[in-house]
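*Asks:* This structure is in structure tokens; I'll ask about it shortly.
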Amino acid sequence: MKNKIVCYFSAAQSEQPIIYRLVKNYDLIVNILKADINPLKQGYLVMELEGDKDKYKQGLEFLKSLGVIVEPLSEKVVWHDELCIQCGACASFCPTEALAIDRETMIISFEDSKCVLCGMCLECCPTRAIILHFDVREAV
Amino acid sequence: MAQQKTYEEINEKIRRGEAVVVTAEEVIQVVEEKGIKAAAQEIDVVTTGTFGPMCSSGAFINFGHSKPRIKMKKVWLNGVEAYTGIAAVDAYIGAGQLPETDPENKVFPGRFSYGGGHVIHDLLDGKEVRLEAEGYGTDCYPNKRVDTIITLNDVNDAFMFNPRNAYQNYNCAVNLGDKTIYTYMGILKPNLGNASYSTAGQLSPLLNDPYYKTIGIGTRIFLGGGIGYVAWNGTQHHPNVLRGDNGVPKVSAGTLAVIGDLKQMDANWIVGLSYIGYGATMAVGIGIPIPILNEEILMYTAVKDEDLYCPVVDYKEGYPYSKPIDLGFVCVADLKKGKVIIEGKEVKTTPQSSYPRARIIAATLKSWIKQGRFELTSPVAPLPGAEADIEFKSIPERNAGGILLNGNRRGK
């Protein structure tokens with residue numbers, strides 16, 4: 001199975017080779033998408049975990065046993081309209097018309113609820129006004 | 001005999017606040033309602049606009065002298081090299097230049113997050129920019145290194161000079177190959193997956209004056225949120241091409257070289273762009289007023305998207321290898337609606353030029369003229385016209401072996 005998760009960890013936990021153990025002991029494929037550790041050494045890790053179903057569960061249990069808080073990742077595409085120059089290039093790449101052009105005005109709009117996070121728009125935006133935002137709370 | 005107006009008569013009305021100004025979009029309806037004759041008497045100026053990627057752009061900057069003075073041999077702004085093979089502290093920063101540390105396409109497709117266009121935008125935005133320069137040291141310019149922080153206010157002069165802007169018509173780009181390609185026209189999906197176009201259509205300056213009857217050298221324009229001028233015909237200006245019955249070129253034709261003081265421009269209208277897999281460039285906002293001197297000039301400005309066509313060009317083989325692959329033409333009105341038919345297939349369209357921004361530029365220029373802040377100029381010289389005999393050249397392929405320097409002539 002494969003999932004994107006967010007791990008929140010304390011200073012003591014950040015000292016430990018957690019990822020190494022996940023790979024070595026549970027045979028999991030780890031893809032770190034984003035990580036942030038503050039000066040107090042608290043932080044979070046956004047990663048994609050992939051592996052055998054049982055091993056995956058054991059891996060998560062291992063994380064929890066260390067006191068690491070594990071939550072499913074909530075990510076979203078954010079459209080910064082102040083950076084957008086309204087070229088409209090993104091709309092033809094959006095499979096769900098979450099990014100759509102009003103053909104009268106040629107103005108682009110983004111409807112969050114229609115977005116399926118495919119990420120096609122991220123590459124084609126020349127002003128990089130569209131970003132993938134990982135929704136993580138303040139580190140614990 | 002149709003009535004003629006002069007530039008001076010129109011400017012007189014602008015000064016009195018009585019000029020009738022409409023945008024190149026609005027003029028279409030006025031002409032439809034009132035007819036050419038009545039509309040030509042009523043309307044004094046039609047304003048156009050375009051806002052899209054224009055790679056052949058950049059700015060000349062004079063940094064002022066360091067203490068002690070330096071003759072710059074190399075200069076960088078935020079790590080992006082500017083050309084300084086001119087006087088000591090003069091340089092030209094080009095929109096497409098990349099930092100030397102940019103990974104380019106080593107991991108394909110590259111991101112090209114920052115380039116010369118972004119530097120110019122940051123300067124306009126009032127941001128601090130790192131200035132690094134190296135010299136070899138001379139008696140008159142002993143300094144060999146400068147490393148400091150500057151803003152646009154700190155430099156003596158900064159003027160934009162764009163060798164090729166406002167292309168009169170442009171290709172509609174497609175991909176006939178079986179893999180996605182990354183181009184200056186954006187991402188092109190395989191097997192005619194999308195069709196990318198870049199034109200302001202009925203608002204585009206040179207599509208509203210197809211024979212350059214009013215736009216010429218010296219024409220005052222909206223450039224990057226400030227005032228600029230047409231300096232020359234742009235590079236690759238090629239007016240003698242296939243034209244429709246309405247006189248509008250059906251392929252890319254005329255271009256403009258434009259100039260203007262960067263210090264009075266606005267970051268909103270000069271924006272750095274990143275084209276994945278291709279490089280960095282810059283969106284430039286240009287608006288050009290067209291004086292309605294007579295009915296013929298008005299007729300040209302009444303052109304509609306329905307009357308405008310772009311050639312469809314394959315960017316897998318056709319463009320890169322200059323292979324003549326005839327894919328016909330598509331209508332700008334259809335491109336804007338989102339779907340066109342190419343080779344019998346319905347293809348989604350991808351715009352690269354911002355129509356909403358083009359519309360704002362035309363409206364802004366209209367308000368400047370109505371407020372008496374912007375008067376029209378008669379060109380000091382015309383651009384080469386449709387009757388010109390300009391040949392579109394390629395780099396010759398010759399054997400460079402055995403050529404000696406210092407003026408030794410190559411044998412036949």
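Note on naming: chains are A, B, ... as they come in the structure tokens, residues start from 1 per chain, ligands start from 1 in the order shown.
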Could you pull the residues within 12 Å of Glu15 of chain A, counting only C-alpha atoms, minus those fewer than 4 positions along the same chain, as a PyMOL selection string?
*Replies:* chain A and resi 9-11+19+37+40-43+66
*Asks:* Can you list every residue in chain A that DSSP puts in strand (DSSP E or B), as a PyMOL selection string?
*Replies:* chain A and resi 2-9+29-37+43-50+69-72+74-79+99-102+107-110+130-135
*Asks:* Please identify every residue of chain B that has at least one atom no more than 10 Å from any atom of chain A, counting only C-alpha atoms, and report them as JSON, numbers by chain.
*Replies:* {"B": [51, 52, 53, 109, 111, 112, 113, 118, 182, 185, 186, 187, 188, 189, 193, 194, 195, 196, 197, 198, 268, 269, 271, 272, 273, 274, 275, 276, 277, 280, 281, 282, 283, 336, 337, 338, 339, 347, 348, 349, 350, 351, 352, 353, 354, 355, 356, 357, 358, 359]}
*Asks:* Interatomic distance between atom CA of Leu77 of chain B and atom CA of Asp90 of chain B?
*Replies:*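 Separating atom CA of Leu77 of chain B from atom CA of Asp90 of chain B is a distance of 12.9 Å.
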*Asks:* Using only C-alpha atoms, determine which residues lie at most 10 Å from Ile29 of chain A, disregarding the query and same-chain residues fewer than 4 positions distant; provide the list as a list in words.
*Replies:*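 Once the adjacent positions are removed, what remains is Lys2, Ile19, Leu22, Val23, Lys24, Met47, Glu48, Leu49, Glu50, Gly51, Asp52 and Tyr56 of chain A.
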*Asks:* Tell me which protein, DNA and RNA residues are within 12 Å of Ser113 of chain A, counting only C-alpha atoms, leaving out same-chain ones fewer than 5 positions away, and put them as a PyMOL selection string.
*Replies:* chain A and resi 76-78+96-99
*Asks:* List every residue of segment 42-99 of chain A that DSSP, applied to the backbone, labels as helix (DSSP H, G or I), and write the result as a PyMOL selection string.
*Replies:* chain A and resi 53-65+89-93
*Asks:* Find the residue from B:Glu104, B:Glu397, B:Asp122, B:Glu343 that sits nearest to Tyr278 of chain B; use only C-alpha atoms when measuring.
*Replies:*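 Among the listed residues, B:Glu104 lies closest to Tyr278 of chain B.
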*Asks:* For Asp44 of chain B, which residue among B:Leu376, B:Leu131, B:Val241, B:Ala173 is the nearest when counting only C-alpha atoms?
*Replies:*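 Going through B:Leu376, B:Leu131, B:Val241, B:Ala173 one by one, the smallest distance to Asp44 of chain B is for B:Leu376.
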*Asks:* Quick one: pull the distance between atom CA of Thr6 of chain B and atom CA of Pro291 of chain B, Å, one decimal.
*Replies:*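 Separating atom CA of Thr6 of chain B from atom CA of Pro291 of chain B is a distance of 8.5 Å.
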*Asks:* Taking only C-alpha atoms into account, which of B:Pro249, B:Pro379, B:Gly126, B:Gly244 comes nearest Ile217 of chain B?
*Replies:*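 Selected residue with least distance to Ile217 of chain B: B:Pro379.
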*Asks:* Considering only C-alpha atoms, state which residue in the set A:Val116, A:Val68, A:Val46, A:Met1 is at the smallest distance from Asp135 of chain A.
*Replies:*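 For Asp135 of chain A, the nearest of the given residues is A:Val46.
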*Asks:* Rank A:Val6, A:Ala129, A:Leu45, A:Ala100 by their smallest atom-to-atom distance to Cys115 of chain A, using only C-alpha atoms, and report the top residue only.
*Replies:*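 Checking each candidate against Cys115 of chain A, we get A:Ala100 as the closest.
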*Asks:* Would you mind telling me which residue in A:Leu28, A:Lys34, A:Ser109, A:Gly67 lies nearest to Ala12 of chain A when using only C-alpha atoms?
*Replies:* A:Gly67
